[in-house]
Number of protein chains: 2
Amino acid sequence: MSNSIDFYFDYSSPYGYLASERIEEVAARLGHTVVWRPILLGAVFKVTGQAPLTEAPLKGDYAMKDFTRSAREHRVEYQHPDKFPIGAVAASRATLWLRDNCDPQLRAMTGDFIHALYRAYFSAGQDITDPTVIASVADSLAIDSQTLQLAIVTQAVKDALRIEVEQAIAAGVFGSPTMIIKGEPFWGHDRLEQMERWISSGGW
Amino acid sequence: MSNSIDFYFDYSSPYGYLASERIEEVAARLGHTVVWRPILLGAVFKVTGQAPLTEAPLKGDYAMKDFTRSAREHRVEYQHPDKFPIGAVAASRATLWLRDNCDPQLRAMTGDFIHALYRAYFSAGQDITDPTVIASVADSLAIDSQTLQLAIVTQAVKDALRIEVEQAIAAGVFGSPTMIIKGEPFWGHDRLEQMERWISSGGW
C-alpha cells in the first residue's frame, strides 16, 4: 500500500491553486498518492484570528506580486480574480461528494474536477461560487451536474465538509495549501521542495 | 561592480537566523555581495498590525516545530531561546555602527559579528539584549567593546537604525528575512532557493 499525502486546500487560495498544479507530479515521483482535502479558510480563520493574506498591509502587496511571479516560474496560468477572496462552500461540497462517492469512476474524477474548478477561477476568471459555473465544470468532465447539484444540498454532504474542516483544524491546519505526510505538516506552496526532500530522505 | 542582495533581518527572528547562515554561500555562488540590514520587526508590526509568529494559534505551533526542523535540514545549531521574542535594539545599532564604520577593517567584521550574535542567541541561549553579552561577543572578535558601547548610544547611530527601519518599511519589508535584489523582494528563509533560481535565470 502506497503512502499518501493529505493535501489541504481552499478554492480561494492562490498558493493552493499553484500547489494543486504540481502536487500530483511530486507525489508520483515519491510513489505517494494524493488525498484531496478541500477546506474553508474562513472557518479556520475564526479559530486562528487570521485575516486574508491580501488584506495585510505590505504583506498583501508582496503576496499579490508573488502570486503571479510564482505562477510564471512554474508556468501556471494565473489571472488574479476580480471577486476575491470567495467562500467556496458549494465547490468544496461538490469535491467531497466526488471524492467520497460510492462510484469508483466518480471518485477517480476528483483531481480533474479540482483542477478544472481552480483553473476556472484563477485562469478563466469565472465565479466558482456560482452554481451554474460548478455545473458547467462538472458537465465538461461528463460528471452529471444535476445529480451533483442535488447531492451537495443533502445533510450528509454538508456534514462531510463541516467534519473535513474540523478535522483539518484538529490536525493543526491554519493555511492553504498544507500537506501532511504521516503527521508531518508542510505549509505553503513554497514548501513543496522541502516536503519532497523530507520524504525522499526519510526525514531529518 | 558586483550586484548586491539586501538582506533584511531581525535578531529575534529564527528564520532570519537560519537564512543568515546560508545567504553568503548563496550570494557567492551568484557572484553577489550581501548588504546586511538589521531591522526591528516590533516597529514594522506597528505599521502592518501583525503579531509575532509564535503567538498565532495553530500557526505558532507549526512555526515552533518548523524552526527546529528547518535547522536540522540545513545542519544549523538551533535551541529556541527562553526569552523570546526580544527587541534587539542595541545589537542592531552595534551592527549598523560596524557596517557603516569609517574603518574598513571594522566594516569587514559585520558578517562575523552578526553570525556571532545570532549564534549566541539561537544556539548558546544567551540574552543578546544584555549589553555585557554584546560586549563579550565584540571582544571575542577583537572588536573594541568599549568603543562600541560608547558609539551605540550616540544620536548618529540611533538615527541610523531608525532610518534603516523606515527605509525597510518604505521598501515593503514586513517580515524577516527579506532579500531584495534590484527591487525584487523575496520573503522568508524558504525562498532562498527561489531567489537563487530567479537571479541565476535572469528572472521570469
# chains A, B, ... in the order shown; residues from 1 in each chain; ligands from 1

call {"tool": "interface_residues", "arguments": {"of": "chain B", "to": "chain A", "cutoff": "10 Å", "atoms": "only C-alpha atoms", "output": "PyMOL selection string"}}
result
chain B and resi 44-45+47-50+56-63+65-66+69-75+169-175+184-188+190-191+193-194+197-198+203-204

call {"tool": "residues_around", "arguments": {"residues": "Thr154 of chain A", "least_positions_apart": "6", "cutoff": "12 Å", "atoms": "only C-alpha atoms", "output": "JSON list (two decimals) with N, CA and C atoms, in the first residue's frame"}}
result
[["chain", "number", "residue", "atom", "x", "y", "z"],
["A", 90, "ALA", "N", -20.02, 25.58, -1.97],
["A", 90, "ALA", "CA", -20.62, 24.60, -2.90],
["A", 90, "ALA", "C", -19.54, 23.81, -3.64],
["A", 93, "ARG", "N", -18.09, 21.29, -1.25],
["A", 93, "ARG", "CA", -19.02, 20.17, -1.03],
["A", 93, "ARG", "C", -19.04, 19.24, -2.25],
["A", 94, "ALA", "N", -19.07, 19.83, -3.43],
["A", 94, "ALA", "CA", -19.08, 19.02, -4.65],
["A", 94, "ALA", "C", -17.83, 18.14, -4.72],
["A", 97, "TRP", "N", -18.21, 15.28, -2.32],
["A", 97, "TRP", "CA", -19.18, 14.31, -2.85],
["A", 97, "TRP", "C", -18.50, 13.39, -3.87],
["A", 147, "THR", "N", -27.25, 15.50, -10.83],
["A", 147, "THR", "CA", -27.02, 14.65, -9.65],
["A", 147, "THR", "C", -26.15, 15.37, -8.63],
["A", 148, "LEU", "N", -25.10, 16.02, -9.13],
["A", 148, "LEU", "CA", -24.18, 16.75, -8.25],
["A", 148, "LEU", "C", -24.92, 17.85, -7.49],
["A", 160, "ALA", "N", -20.25, 16.46, 5.77],
["A", 160, "ALA", "CA", -18.91, 15.99, 5.35],
["A", 160, "ALA", "C", -17.93, 17.17, 5.30],
["A", 161, "LEU", "N", -18.39, 18.30, 4.79],
["A", 161, "LEU", "CA", -17.49, 19.46, 4.71],
["A", 161, "LEU", "C", -17.19, 20.03, 6.10]]

call {"tool": "closest_residue", "arguments": {"among": "B:Ser201, B:Gln79, B:Ser176, B:Asn3", "to": "Gly125 of chain B", "atoms": "only C-alpha atoms"}}
result
B:Gln79

call {"tool": "atom_distance", "arguments": {"atom1": "atom CA of Leu141 of chain B", "atom2": "atom CA of Phe122 of chain B"}}
result
18.3 Å

call {"tool": "residues_around", "arguments": {"residues": "Val89 of chain B", "least_positions_apart": "6", "cutoff": "12 Å", "atoms": "only C-alpha atoms", "output": "list in words"}}
result
Asp10, Tyr11, Ser12, Pro38, Ile39, Leu40, Leu41, Gly42, Ala43, Thr95, Leu96, Ile128, Thr129, Asp130, Pro131, Ile134, Ile152, Val153, Val157, Lys158, Asp159, Ala160, Leu161, Arg162 and Val165 of chain B

call {"tool": "write_last_selection", "arguments": {"atoms": "N, CA and C atoms", "output": "short mmCIF file (atom, residue, chain, number, x, y, z; two decimals), in the first residue's frame"}}
result
data_model
loop_
_atom_site.label_atom_id
_atom_site.label_comp_id
_atom_site.auth_asym_id
_atom_site.auth_seq_id
_atom_site.Cartn_x
_atom_site.Cartn_y
_atom_site.Cartn_z
N ASP B 10 15.82 40.52 11.50
CA ASP B 10 15.63 40.93 12.88
C ASP B 10 16.37 39.91 13.74
N TYR B 11 17.09 40.36 14.74
CA TYR B 11 17.85 39.43 15.58
C TYR B 11 16.96 38.47 16.36
N SER B 12 15.67 38.78 16.44
CA SER B 12 14.76 37.90 17.17
C SER B 12 14.08 36.88 16.26
N PRO B 38 19.98 45.18 9.48
CA PRO B 38 19.23 44.84 10.69
C PRO B 38 18.00 45.74 10.84
N ILE B 39 16.87 45.14 11.13
CA ILE B 39 15.65 45.92 11.36
C ILE B 39 14.98 45.47 12.65
N LEU B 40 13.97 46.19 13.06
CA LEU B 40 13.21 45.84 14.27
C LEU B 40 11.78 45.51 13.85
N LEU B 41 11.42 44.25 13.91
CA LEU B 41 10.07 43.87 13.48
C LEU B 41 9.01 44.51 14.36
N GLY B 42 9.36 44.79 15.63
CA GLY B 42 8.40 45.46 16.50
C GLY B 42 7.91 46.76 15.88
N ALA B 43 8.83 47.52 15.30
CA ALA B 43 8.46 48.79 14.65
C ALA B 43 7.69 48.53 13.36
N THR B 95 25.42 46.65 15.07
CA THR B 95 25.64 46.11 13.73
C THR B 95 25.76 47.23 12.70
N LEU B 96 24.90 48.23 12.83
CA LEU B 96 24.96 49.36 11.89
C LEU B 96 26.23 50.17 12.08
N ILE B 128 20.91 38.42 24.10
CA ILE B 128 21.66 39.44 23.35
C ILE B 128 21.05 40.84 23.46
N THR B 129 20.07 41.00 24.37
CA THR B 129 19.65 42.37 24.71
C THR B 129 20.51 42.89 25.87
N ASP B 130 21.28 42.03 26.47
CA ASP B 130 22.15 42.39 27.59
C ASP B 130 23.45 43.01 27.05
N PRO B 131 23.74 44.27 27.40
CA PRO B 131 24.94 44.94 26.88
C PRO B 131 26.24 44.18 27.16
N ILE B 134 26.61 41.59 24.45
CA ILE B 134 27.05 42.21 23.19
C ILE B 134 28.54 42.56 23.27
N ILE B 152 27.13 53.20 20.30
CA ILE B 152 25.72 52.86 20.04
C ILE B 152 24.74 53.71 20.84
N VAL B 153 25.24 54.54 21.74
CA VAL B 153 24.32 55.47 22.40
C VAL B 153 24.38 56.88 21.80
N VAL B 157 24.07 57.00 15.65
CA VAL B 157 23.79 55.56 15.49
C VAL B 157 22.32 55.25 15.78
N LYS B 158 21.75 55.95 16.76
CA LYS B 158 20.30 55.77 17.00
C LYS B 158 19.51 56.14 15.74
N ASP B 159 19.90 57.28 15.15
CA ASP B 159 19.21 57.71 13.93
C ASP B 159 19.40 56.70 12.80
N ALA B 160 20.60 56.15 12.74
CA ALA B 160 20.88 55.21 11.65
C ALA B 160 19.91 54.02 11.69
N LEU B 161 19.62 53.53 12.90
CA LEU B 161 18.70 52.39 13.00
C LEU B 161 17.27 52.81 12.66
N ARG B 162 16.89 53.99 13.15
CA ARG B 162 15.54 54.47 12.85
C ARG B 162 15.35 54.60 11.34
N VAL B 165 15.08 51.22 9.58
CA VAL B 165 13.75 50.61 9.70
C VAL B 165 12.74 51.32 8.79
#

call {"tool": "residues_around", "arguments": {"residues": "Asp112 of chain A", "least_positions_apart": "4", "cutoff": "12 Å", "atoms": "only C-alpha atoms", "output": "NGL selection string"}}
result
:A and (20-21 or 24 or 36 or 95 or 98-99 or 105-108 or 116-119 or 137-138 or 140-143)

call {"tool": "select_by_dssp", "arguments": {"residues": "segment 18-204 of chain A", "states": "strand (DSSP E)", "output": "PyMOL selection string"}}
result
chain A and resi 33-38+178-181+184-187

call {"tool": "select_by_dssp", "arguments": {"residues": "chain B", "states": "alpha helix (DSSP H)", "output": "PyMOL selection string"}}
result
chain B and resi 14-20+23-30+41-48+59-73+89-99+104-107+110-122+131-140+145-151+155-170+192-201

call {"tool": "residues_around", "arguments": {"residues": "segment 80-85 of chain A", "least_positions_apart": "5", "cutoff": "9 Å", "atoms": "only C-alpha atoms", "output": "PyMOL selection string"}}
result
chain A and resi 12-14+52+54+64+67-68+121-127

call {"tool": "write_last_selection", "arguments": {"atoms": "all heavy atoms", "output": "short mmCIF file (atom, residue, chain, number, x, y, z; two decimals), in the first residue's frame"}}
result
data_model
loop_
_atom_site.label_atom_id
_atom_site.label_comp_id
_atom_site.auth_asym_id
_atom_site.auth_seq_id
_atom_site.Cartn_x
_atom_site.Cartn_y
_atom_site.Cartn_z
N SER A 12 -10.18 29.35 -2.69
CA SER A 12 -9.91 30.77 -2.82
C SER A 12 -8.43 31.09 -2.65
O SER A 12 -8.03 32.25 -2.67
CB SER A 12 -10.73 31.53 -1.77
OG SER A 12 -10.68 32.91 -2.01
N SER A 13 -7.62 30.07 -2.49
CA SER A 13 -6.20 30.26 -2.16
C SER A 13 -5.31 30.18 -3.41
O SER A 13 -5.17 29.11 -4.01
CB SER A 13 -5.77 29.19 -1.15
OG SER A 13 -4.38 28.99 -1.16
N PRO A 14 -4.68 31.31 -3.80
CA PRO A 14 -3.78 31.28 -4.95
C PRO A 14 -2.65 30.25 -4.79
O PRO A 14 -2.33 29.53 -5.73
CB PRO A 14 -3.21 32.70 -4.98
CG PRO A 14 -4.28 33.54 -4.36
CD PRO A 14 -4.85 32.68 -3.27
N PRO A 52 -7.52 37.40 5.68
CA PRO A 52 -6.98 37.02 4.37
C PRO A 52 -5.66 37.73 4.08
O PRO A 52 -5.51 38.92 4.36
CB PRO A 52 -8.08 37.47 3.41
CG PRO A 52 -9.34 37.39 4.21
CD PRO A 52 -8.93 37.82 5.60
N THR A 54 -4.16 38.88 1.47
CA THR A 54 -4.09 40.08 0.61
C THR A 54 -4.55 41.34 1.31
O THR A 54 -4.37 42.43 0.79
CB THR A 54 -4.92 39.87 -0.67
OG1 THR A 54 -6.23 39.41 -0.29
CG2 THR A 54 -4.27 38.84 -1.57
N MET A 64 0.38 39.71 -3.63
CA MET A 64 -0.20 39.92 -4.97
C MET A 64 0.88 39.81 -6.05
O MET A 64 0.66 39.22 -7.10
CB MET A 64 -0.88 41.29 -5.04
CG MET A 64 -2.18 41.37 -4.27
SD MET A 64 -3.49 40.34 -5.00
CE MET A 64 -3.79 41.25 -6.52
N PHE A 67 2.08 36.00 -6.20
CA PHE A 67 1.18 35.02 -6.84
C PHE A 67 1.57 34.88 -8.32
O PHE A 67 1.79 33.78 -8.82
CB PHE A 67 -0.28 35.48 -6.78
CG PHE A 67 -0.87 35.59 -5.40
CD1 PHE A 67 -1.94 36.46 -5.17
CD2 PHE A 67 -0.39 34.85 -4.34
CE1 PHE A 67 -2.51 36.58 -3.91
CE2 PHE A 67 -0.96 34.96 -3.07
CZ PHE A 67 -2.02 35.83 -2.86
N THR A 68 1.62 36.01 -8.99
CA THR A 68 1.89 35.96 -10.44
C THR A 68 3.34 35.57 -10.71
O THR A 68 3.62 34.85 -11.66
CB THR A 68 1.58 37.33 -11.09
OG1 THR A 68 2.28 38.35 -10.40
CG2 THR A 68 0.09 37.63 -11.02
N TYR A 121 -11.47 29.46 -11.92
CA TYR A 121 -11.40 30.64 -11.04
C TYR A 121 -10.13 31.46 -11.28
O TYR A 121 -10.20 32.67 -11.49
CB TYR A 121 -11.48 30.18 -9.59
CG TYR A 121 -11.51 31.31 -8.57
CD1 TYR A 121 -12.39 32.37 -8.70
CD2 TYR A 121 -10.66 31.29 -7.46
CE1 TYR A 121 -12.42 33.40 -7.77
CE2 TYR A 121 -10.68 32.31 -6.52
CZ TYR A 121 -11.56 33.37 -6.68
OH TYR A 121 -11.59 34.38 -5.76
N PHE A 122 -8.99 30.81 -11.28
CA PHE A 122 -7.71 31.55 -11.29
C PHE A 122 -7.12 31.76 -12.69
O PHE A 122 -6.10 32.43 -12.83
CB PHE A 122 -6.68 30.85 -10.41
CG PHE A 122 -6.88 31.10 -8.94
CD1 PHE A 122 -7.27 30.08 -8.08
CD2 PHE A 122 -6.70 32.38 -8.41
CE1 PHE A 122 -7.45 30.31 -6.73
CE2 PHE A 122 -6.88 32.62 -7.06
CZ PHE A 122 -7.26 31.58 -6.22
N SER A 123 -7.73 31.17 -13.69
CA SER A 123 -7.20 31.37 -15.04
C SER A 123 -8.28 31.95 -15.95
O SER A 123 -8.04 32.92 -16.68
CB SER A 123 -6.66 30.05 -15.59
OG SER A 123 -6.30 30.17 -16.94
N ALA A 124 -9.50 31.39 -15.87
CA ALA A 124 -10.55 31.84 -16.80
C ALA A 124 -11.42 32.94 -16.21
O ALA A 124 -12.31 33.46 -16.90
CB ALA A 124 -11.42 30.65 -17.20
N GLY A 125 -11.17 33.31 -14.93
CA GLY A 125 -11.92 34.42 -14.35
C GLY A 125 -13.38 34.13 -14.07
O GLY A 125 -14.20 35.05 -13.99
N GLN A 126 -13.73 32.86 -13.92
CA GLN A 126 -15.12 32.52 -13.63
C GLN A 126 -15.40 32.53 -12.13
O GLN A 126 -14.50 32.30 -11.33
CB GLN A 126 -15.44 31.14 -14.22
CG GLN A 126 -15.39 31.12 -15.74
CD GLN A 126 -15.80 29.76 -16.28
OE1 GLN A 126 -15.00 28.82 -16.35
NE2 GLN A 126 -17.06 29.65 -16.67
N ASP A 127 -16.64 32.80 -11.77
CA ASP A 127 -17.03 32.85 -10.36
C ASP A 127 -17.48 31.45 -9.93
O ASP A 127 -18.61 31.05 -10.19
CB ASP A 127 -18.16 33.86 -10.18
CG ASP A 127 -18.66 33.90 -8.74
OD1 ASP A 127 -18.10 33.17 -7.88
OD2 ASP A 127 -19.61 34.66 -8.46
#

call {"tool": "decode", "arguments": {"residues": "segment 86-100 of chain B", "atoms": "all heavy atoms", "output": "short mmCIF file (atom, residue, chain, number, x, y, z; two decimals), in the first residue's frame"}}
result
data_model
loop_
_atom_site.label_atom_id
_atom_site.label_comp_id
_atom_site.auth_asym_id
_atom_site.auth_seq_id
_atom_site.Cartn_x
_atom_site.Cartn_y
_atom_site.Cartn_z
N ILE B 86 12.55 39.05 21.40
CA ILE B 86 13.27 40.15 22.03
C ILE B 86 13.25 41.36 21.10
O ILE B 86 12.99 41.24 19.91
CB ILE B 86 14.74 39.79 22.33
CG1 ILE B 86 15.44 39.30 21.05
CG2 ILE B 86 14.85 38.78 23.46
CD1 ILE B 86 16.95 39.18 21.17
N GLY B 87 13.50 42.52 21.66
CA GLY B 87 13.67 43.74 20.87
C GLY B 87 15.15 44.07 20.88
O GLY B 87 15.65 44.65 21.85
N ALA B 88 15.85 43.70 19.83
CA ALA B 88 17.32 43.75 19.84
C ALA B 88 17.84 45.10 19.37
O ALA B 88 18.59 45.20 18.39
CB ALA B 88 17.88 42.61 19.00
N VAL B 89 17.45 46.14 20.09
CA VAL B 89 17.82 47.50 19.68
C VAL B 89 19.34 47.70 19.72
O VAL B 89 19.94 48.13 18.73
CB VAL B 89 17.12 48.53 20.59
CG1 VAL B 89 17.53 49.94 20.22
CG2 VAL B 89 15.60 48.37 20.50
N ALA B 90 19.96 47.37 20.84
CA ALA B 90 21.40 47.62 20.99
C ALA B 90 22.20 46.78 20.00
O ALA B 90 23.15 47.28 19.36
CB ALA B 90 21.84 47.31 22.43
N ALA B 91 21.83 45.52 19.83
CA ALA B 91 22.54 44.65 18.88
C ALA B 91 22.42 45.18 17.46
O ALA B 91 23.39 45.16 16.69
CB ALA B 91 21.98 43.23 18.97
N SER B 92 21.24 45.69 17.12
CA SER B 92 21.03 46.22 15.77
C SER B 92 21.83 47.50 15.56
O SER B 92 22.43 47.71 14.49
CB SER B 92 19.54 46.51 15.55
OG SER B 92 18.79 45.32 15.72
N ARG B 93 21.86 48.35 16.60
CA ARG B 93 22.67 49.58 16.49
C ARG B 93 24.15 49.25 16.36
O ARG B 93 24.86 49.86 15.55
CB ARG B 93 22.46 50.46 17.74
CG ARG B 93 21.11 51.17 17.74
CD ARG B 93 20.97 52.03 18.99
NE ARG B 93 19.65 52.65 19.04
CZ ARG B 93 19.07 53.07 20.15
NH1 ARG B 93 19.69 52.96 21.33
NH2 ARG B 93 17.87 53.63 20.11
N ALA B 94 24.58 48.28 17.13
CA ALA B 94 26.00 47.89 17.06
C ALA B 94 26.35 47.38 15.67
O ALA B 94 27.43 47.68 15.12
CB ALA B 94 26.29 46.80 18.11
N THR B 95 25.42 46.65 15.07
CA THR B 95 25.64 46.11 13.73
C THR B 95 25.76 47.23 12.70
O THR B 95 26.63 47.20 11.82
CB THR B 95 24.48 45.16 13.35
OG1 THR B 95 24.35 44.17 14.38
CG2 THR B 95 24.71 44.50 12.00
N LEU B 96 24.90 48.23 12.83
CA LEU B 96 24.96 49.36 11.89
C LEU B 96 26.23 50.17 12.08
O LEU B 96 26.82 50.67 11.12
CB LEU B 96 23.72 50.25 12.06
CG LEU B 96 22.43 49.67 11.49
CD1 LEU B 96 21.27 50.61 11.73
CD2 LEU B 96 22.58 49.37 9.99
N TRP B 97 26.63 50.32 13.34
CA TRP B 97 27.87 51.05 13.62
C TRP B 97 29.06 50.37 12.92
O TRP B 97 29.91 51.04 12.31
CB TRP B 97 28.12 51.14 15.14
CG TRP B 97 29.46 51.68 15.50
CD1 TRP B 97 29.89 52.98 15.39
CD2 TRP B 97 30.58 50.92 15.98
NE1 TRP B 97 31.20 53.08 15.79
CE2 TRP B 97 31.65 51.83 16.15
CE3 TRP B 97 30.80 49.58 16.30
CZ2 TRP B 97 32.90 51.44 16.63
CZ3 TRP B 97 32.03 49.19 16.77
CH2 TRP B 97 33.07 50.11 16.93
N LEU B 98 29.08 49.05 12.97
CA LEU B 98 30.14 48.31 12.28
C LEU B 98 30.02 48.44 10.76
O LEU B 98 30.98 48.73 10.07
CB LEU B 98 30.05 46.81 12.63
CG LEU B 98 30.79 46.27 13.82
CD1 LEU B 98 30.56 44.77 13.90
CD2 LEU B 98 32.29 46.57 13.73
N ARG B 99 28.81 48.18 10.27
CA ARG B 99 28.59 48.14 8.82
C ARG B 99 28.95 49.46 8.15
O ARG B 99 29.49 49.49 7.03
CB ARG B 99 27.12 47.81 8.53
CG ARG B 99 26.85 47.52 7.07
CD ARG B 99 25.37 47.60 6.75
NE ARG B 99 24.86 48.97 6.83
CZ ARG B 99 23.58 49.32 6.68
NH1 ARG B 99 22.67 48.39 6.47
NH2 ARG B 99 23.21 50.58 6.76
N ASP B 100 28.61 50.57 8.84
CA ASP B 100 28.81 51.89 8.23
C ASP B 100 30.06 52.58 8.78
O ASP B 100 30.21 53.80 8.65
CB ASP B 100 27.57 52.76 8.46
CG ASP B 100 26.32 52.13 7.85
OD1 ASP B 100 26.46 51.32 6.90
OD2 ASP B 100 25.20 52.45 8.31
#
